[in-house]
Amino acid sequence: MACFRCPGCGYTYDESQGDAHEGYPPGTPFEDLPEDFVCPDCAVREKGDFERARE
Amino acid sequence: MTSYTLDHPTLGHIEYRDRKRYLWLSSLFMPLFPMLGIGLFFVTGSQWALAVPLVFSYGVIPFLDYALGSDTNNPPEEIVPQLEEDRYYRVLTWLTVPMHFIVLIAIAWFVGTQSLTVWSVLALAITAGSYSGLGINTAHELGHKKPLFERVLARIVLAVPAYGHFCIEHNRGHHKDVATPEDPASSRMGESIYAFALREIPGAFRRGWAVERERLARLGLPVWSPRNEILQSYALSAVLQGALIVAFGWIMLPFLLVHNIWAWFQLTSANYIEHYGLLRQKEANGRYERCQPHHSWNANYIFSNIVLFHLERHSDHHANPTRRYQSLRNFDDIPELPNGYYGMYLLAYVPWLWYRVMDRRLLALPHIRGDLSKVNIAPDKREAILARHGQVAGVTA
């Protein structure tokens, strides 16, 4: 499971945790997030902008 | 005064004192200003005193912006993380939340218990709406922050202007689509504020509702769910405004109607002036370029900024939406309005005057230089604008 970080505001999507508020259950791979996914915190960085943070 | 220091590996020793630290108390107490009008009424017995808060907003503040001028205070970027961590600043935004409830309840009590002329009730409803519109600014500051506590506070304060969909629509809609023709909350060149209001108010509601419906669908919940954060805020609005009607009678119906519409119109006014005519370009992949500092109009006037939690440093806000108000920075060579927000609202309410001042300023921006292909133009005004300002190479209809 990997983590992906928003380069703008630092929000981190942890695949093992998912994002309960946004409706992504634990274990949801980052690549399975919708293509129009935007950072849930700042909304100015899109899916393609996210950087892999750590394994 | 609190001093922030940093030993930077390349820049050396950096020390910064925030000279506006205690001036931010103005943003905390600004929502209470209508109480002064009520107090003066009791002292003088004249209903003209009730107009004082409106005169302050639309007369005194624009004058002070003109007289006191720009704000040279700018925190070094390296110091921003320390400023962000200083809890003093965020506590001020938390304490501002009850102020909006207090002032609406106080004005409603006054309207419900005093013998007033129709004009006085109208002035008070507009005053209350104006200062509840300020509540949307408080919600704006809180709703962009990461801690759940602050996001809940934003939902609570949005109950005062009855605009519970704002944070969802603004954060996830406006910030994503800003300065594009797709954004109902970005005004277009040639679009009057009144035409804009009719596009922005319903458009923002639809977009906020759609974003929340999608989130709830991912959670396997229907849109009419207690976990719908828009409905949570609306429910609080219904309780608050229902209680005012029960407590102070049917006079509250027209009062609250005018109050709500004027509060919403305050947000419309801010949205109208913040991105007028500005346009992000499409890249080869069909996506819009990222929002740049030149995609927002700014007003770096000291006075209106310290009563609006730095809302007017708008370019930095769009570049860093989660950044707290005390850390927002001004930049040189970004679109600058000729007065603060309140003065610009007044100008916007007179469309021909607005076009006269702003269209020239818009076309003179360094990244536009008269090139209308770089301007967000109202479709129904496109021909007239092209005829007036000339076809420029590269312009397509």
# chains A, B, ... in the order shown; residues from 1 in each chain; ligands from 1
$ closest_atom_pairs --of "chain A" --to "chain B" --cutoff "7 Å" --atoms "only C-alpha atoms" --output "CSV"
residue,atom,partner,partner_atom,distance
A:Cys9,CA,B:Thr322,CA,6.8
A:Glu22,CA,B:Arg215,CA,5.8
A:Gly23,CA,B:Leu219,CA,4.7
A:Asp41,CA,B:Lys146,CA,6.5
A:Cys42,CA,B:Pro321,CA,5.6
A:Ala43,CA,B:Arg172,CA,5.6
A:Val44,CA,B:Lys176,CA,5.6
$ write_last_selection --atoms "N, CA, C and O atoms" --output "mmCIF file, in the first residue's frame"
data_model
loop_
_atom_site.group_PDB
_atom_site.id
_atom_site.type_symbol
_atom_site.label_atom_id
_atom_site.label_comp_id
_atom_site.auth_asym_id
_atom_site.auth_seq_id
_atom_site.Cartn_x
_atom_site.Cartn_y
_atom_site.Cartn_z
ATOM 1 N N CYS A 9 -0.784 21.306 -0.889
ATOM 2 C CA CYS A 9 -1.135 21.551 0.519
ATOM 3 C C CYS A 9 -0.671 20.456 1.457
ATOM 4 O O CYS A 9 -0.811 20.596 2.678
ATOM 5 N N GLU A 22 -14.522 11.103 2.272
ATOM 6 C CA GLU A 22 -14.751 11.228 0.833
ATOM 7 C C GLU A 22 -15.402 9.993 0.228
ATOM 8 O O GLU A 22 -15.735 9.981 -0.958
ATOM 9 N N GLY A 23 -15.507 8.916 1.034
ATOM 10 C CA GLY A 23 -16.179 7.715 0.539
ATOM 11 C C GLY A 23 -15.258 6.736 -0.172
ATOM 12 O O GLY A 23 -15.717 5.976 -1.027
ATOM 13 N N ASP A 41 -8.558 18.535 0.212
ATOM 14 C CA ASP A 41 -8.311 19.687 1.088
ATOM 15 C C ASP A 41 -8.210 21.005 0.335
ATOM 16 O O ASP A 41 -8.803 22.000 0.732
ATOM 17 N N CYS A 42 -7.424 21.045 -0.751
ATOM 18 C CA CYS A 42 -7.229 22.345 -1.414
ATOM 19 C C CYS A 42 -7.958 22.438 -2.756
ATOM 20 O O CYS A 42 -8.221 23.542 -3.223
ATOM 21 N N ALA A 43 -8.237 21.303 -3.369
ATOM 22 C CA ALA A 43 -9.001 21.235 -4.627
ATOM 23 C C ALA A 43 -8.315 21.914 -5.807
ATOM 24 O O ALA A 43 -8.929 22.057 -6.858
ATOM 25 N N VAL A 44 -7.064 22.331 -5.644
ATOM 26 C CA VAL A 44 -6.388 22.954 -6.788
ATOM 27 C C VAL A 44 -5.316 22.038 -7.383
ATOM 28 O O VAL A 44 -4.644 22.407 -8.331
#
$ residues_around --residues "Thr12 (chain A)" --least-positions-apart "2" --cutoff "9 Å" --atoms "only C-alpha atoms" --output "list in words"
Cys3, Phe4, Arg5, Cys6, Gly10, Asp14, Cys39, Phe50 and Ala53 of chain A
$ residues_around --residues "Gln292 (chain B)" --least-positions-apart "4" --cutoff "10 Å" --atoms "only C-alpha atoms" --output "list in words"
Ala179, Arg280, Ser296, Ser315, Asp316, His318, Ala319 and Ile334 of chain B
$ select_by_dssp --residues "chain A" --states "strand (DSSP E)" --output "list of chain:residue names"
A:Cys3, A:Phe4, A:Arg5, A:Thr12, A:Tyr13, A:Asp14, A:Glu51, A:Arg52, A:Ala53, A:Arg54
$ write_last_selection --atoms "C-alpha atoms" --output "compact mmCIF listing (two decimals), in the first residue's frame"
# COMPACT_ATOMS: atom_id res chain seq x y z
CA CYS A 3 0.77 7.00 0.03
CA PHE A 4 0.25 9.83 -2.43
CA ARG A 5 0.80 13.44 -1.46
CA THR A 12 -1.80 12.61 1.91
CA TYR A 13 -3.91 9.79 0.51
CA ASP A 14 -2.91 6.60 2.29
CA GLU A 51 3.33 12.51 -5.84
CA ARG A 52 4.07 9.08 -4.43
CA ALA A 53 5.14 9.75 -0.84
CA ARG A 54 6.29 6.35 0.50
$ select_by_dssp --residues "chain A" --states "helix (DSSP H, G or I)" --output "compact mmCIF listing (two decimals) with N, CA and C atoms, in the first residue's frame"
# COMPACT_ATOMS: atom_id res chain seq x y z
N PHE A 30 -4.85 4.10 -5.14
CA PHE A 30 -4.90 5.47 -5.66
C PHE A 30 -5.36 5.47 -7.12
N GLU A 31 -4.88 4.47 -7.87
CA GLU A 31 -5.22 4.46 -9.30
C GLU A 31 -6.70 4.18 -9.53
N ASP A 32 -7.38 3.64 -8.53
CA ASP A 32 -8.82 3.40 -8.68
C ASP A 32 -9.67 4.63 -8.35
N LYS A 47 -5.56 14.63 -9.69
CA LYS A 47 -5.00 13.29 -9.47
C LYS A 47 -3.58 13.17 -10.06
N GLY A 48 -3.43 13.66 -11.28
CA GLY A 48 -2.13 13.55 -11.95
C GLY A 48 -1.02 14.35 -11.30
N ASP A 49 -1.38 15.30 -10.45
CA ASP A 49 -0.36 16.13 -9.78
C ASP A 49 0.20 15.44 -8.54
$ closest_atom_pairs --of "region 68-163 of chain B" --to "region 230-234 of chain B" --cutoff "9 Å" --atoms "only C-alpha atoms" --output "CSV"
residue,atom,partner,partner_atom,distance
B:Arg155,CA,B:Ser233,CA,5.5
B:Ile156,CA,B:Ser233,CA,6.1
B:Val157,CA,B:Ser233,CA,8.4
B:Leu158,CA,B:Ser233,CA,6.6
B:Ala159,CA,B:Ser233,CA,5.4
B:Ala162,CA,B:Tyr234,CA,6.3
B:Tyr163,CA,B:Tyr234,CA,7.3
$ residues_around --residues "Val52 (chain B)" --least-positions-apart "6" --cutoff "12 Å" --atoms "only C-alpha atoms" --output "list of chain:residue names"
B:Phe33, B:Pro34, B:Met35, B:Leu36, B:Gly37, B:Ile38, B:Gly39, B:Leu40, B:Phe41, B:Ser46, B:Tyr58, B:Gly59, B:Val60, B:Ser120, B:Ala123, B:Leu124, B:Thr127
$ closest_residue --among "B:Gly203, B:Gly12, B:Gly277, B:Pro31" --to "Ser132 (chain B)" --atoms "only C-alpha atoms"
B:Pro31
$ atom_distance --atom1 "CA of Ala210 (chain B)" --atom2 "CA of Arg227 (chain B)"
14.7 Å
$ residues_around --residues "Asp71 (chain B)" --least-positions-apart "6" --cutoff "7 Å" --atoms "only C-alpha atoms" --output "list in words"
Asn300, Tyr301 and Ile302 of chain B
$ write_last_selection --atoms "N, CA, C and O atoms" --output "PDB file, in the first residue's frame"
ATOM      1  N   ASN B 300      -5.048  45.393  -1.930  1.00  0.00           N
ATOM      2  CA  ASN B 300      -4.106  45.285  -0.812  1.00  0.00           C
ATOM      3  C   ASN B 300      -4.237  46.472   0.142  1.00  0.00           C
ATOM      4  O   ASN B 300      -3.250  46.944   0.683  1.00  0.00           O
ATOM      5  N   TYR B 301      -5.464  46.943   0.344  1.00  0.00           N
ATOM      6  CA  TYR B 301      -5.680  48.098   1.219  1.00  0.00           C
ATOM      7  C   TYR B 301      -5.731  47.636   2.670  1.00  0.00           C
ATOM      8  O   TYR B 301      -6.399  46.645   2.980  1.00  0.00           O
ATOM      9  N   ILE B 302      -5.048  48.373   3.516  1.00  0.00           N
ATOM     10  CA  ILE B 302      -4.886  47.921   4.899  1.00  0.00           C
ATOM     11  C   ILE B 302      -6.222  47.826   5.623  1.00  0.00           C
ATOM     12  O   ILE B 302      -6.513  46.848   6.305  1.00  0.00           O
TER      13      ILE B 302
END
$ decode --residues "region 9-31 of chain A" --atoms "N, CA, C and O atoms" --output "short mmCIF file (atom, residue, chain, number, x, y, z; two decimals), in the first residue's frame"
data_model
loop_
_atom_site.label_atom_id
_atom_site.label_comp_id
_atom_site.auth_asym_id
_atom_site.auth_seq_id
_atom_site.Cartn_x
_atom_site.Cartn_y
_atom_site.Cartn_z
N CYS A 9 -0.78 21.31 -0.89
CA CYS A 9 -1.13 21.55 0.52
C CYS A 9 -0.67 20.46 1.46
O CYS A 9 -0.81 20.60 2.68
N GLY A 10 -0.15 19.36 0.91
CA GLY A 10 0.38 18.32 1.80
C GLY A 10 -0.62 17.24 2.18
O GLY A 10 -0.26 16.28 2.87
N TYR A 11 -1.86 17.34 1.72
CA TYR A 11 -2.83 16.26 1.99
C TYR A 11 -2.23 14.95 1.50
O TYR A 11 -1.63 14.89 0.43
N THR A 12 -2.36 13.90 2.29
CA THR A 12 -1.80 12.61 1.91
C THR A 12 -2.90 11.56 1.82
O THR A 12 -3.68 11.39 2.77
N TYR A 13 -2.97 10.90 0.67
CA TYR A 13 -3.91 9.79 0.51
C TYR A 13 -3.16 8.50 0.79
O TYR A 13 -2.23 8.13 0.07
N ASP A 14 -3.55 7.85 1.88
CA ASP A 14 -2.91 6.60 2.29
C ASP A 14 -3.83 5.46 1.84
O ASP A 14 -4.95 5.33 2.33
N GLU A 15 -3.34 4.65 0.91
CA GLU A 15 -4.19 3.58 0.34
C GLU A 15 -4.71 2.64 1.42
O GLU A 15 -5.82 2.12 1.31
N SER A 16 -3.90 2.40 2.45
CA SER A 16 -4.34 1.45 3.49
C SER A 16 -5.48 2.05 4.33
O SER A 16 -6.29 1.32 4.88
N GLN A 17 -5.53 3.39 4.40
CA GLN A 17 -6.58 4.05 5.19
C GLN A 17 -7.78 4.46 4.34
O GLN A 17 -8.90 4.59 4.84
N GLY A 18 -7.54 4.73 3.05
CA GLY A 18 -8.59 5.31 2.22
C GLY A 18 -8.90 6.71 2.72
O GLY A 18 -8.07 7.38 3.33
N ASP A 19 -10.12 7.16 2.46
CA ASP A 19 -10.55 8.46 2.99
C ASP A 19 -12.04 8.32 3.29
O ASP A 19 -12.89 8.38 2.38
N ALA A 20 -12.33 8.09 4.57
CA ALA A 20 -13.71 7.76 4.97
C ALA A 20 -14.68 8.90 4.63
O ALA A 20 -15.78 8.65 4.15
N HIS A 21 -14.25 10.15 4.86
CA HIS A 21 -15.16 11.27 4.60
C HIS A 21 -15.52 11.37 3.13
O HIS A 21 -16.66 11.68 2.77
N GLU A 22 -14.52 11.10 2.27
CA GLU A 22 -14.75 11.23 0.83
C GLU A 22 -15.40 9.99 0.23
O GLU A 22 -15.73 9.98 -0.96
N GLY A 23 -15.51 8.92 1.03
CA GLY A 23 -16.18 7.71 0.54
C GLY A 23 -15.26 6.74 -0.17
O GLY A 23 -15.72 5.98 -1.03
N TYR A 24 -13.96 6.76 0.17
CA TYR A 24 -13.03 5.79 -0.39
C TYR A 24 -12.62 4.84 0.74
O TYR A 24 -11.88 5.24 1.65
N PRO A 25 -13.09 3.58 0.71
CA PRO A 25 -12.83 2.67 1.83
C PRO A 25 -11.35 2.31 1.95
O PRO A 25 -10.60 2.42 0.96
N PRO A 26 -10.91 1.87 3.15
CA PRO A 26 -9.52 1.41 3.32
C PRO A 26 -9.18 0.37 2.26
O PRO A 26 -10.01 -0.49 1.96
N GLY A 27 -7.98 0.50 1.71
CA GLY A 27 -7.55 -0.47 0.70
C GLY A 27 -7.86 -0.03 -0.73
O GLY A 27 -7.51 -0.73 -1.67
N THR A 28 -8.49 1.12 -0.90
CA THR A 28 -8.77 1.61 -2.27
C THR A 28 -7.46 2.11 -2.89
O THR A 28 -6.87 3.06 -2.39
N PRO A 29 -7.00 1.47 -3.98
CA PRO A 29 -5.75 1.93 -4.60
C PRO A 29 -5.93 3.35 -5.17
O PRO A 29 -7.02 3.69 -5.65
N PHE A 30 -4.85 4.10 -5.14
CA PHE A 30 -4.90 5.47 -5.66
C PHE A 30 -5.36 5.47 -7.12
O PHE A 30 -6.14 6.31 -7.54
N GLU A 31 -4.88 4.47 -7.87
CA GLU A 31 -5.22 4.46 -9.30
C GLU A 31 -6.70 4.18 -9.53
O GLU A 31 -7.23 4.47 -10.61
#
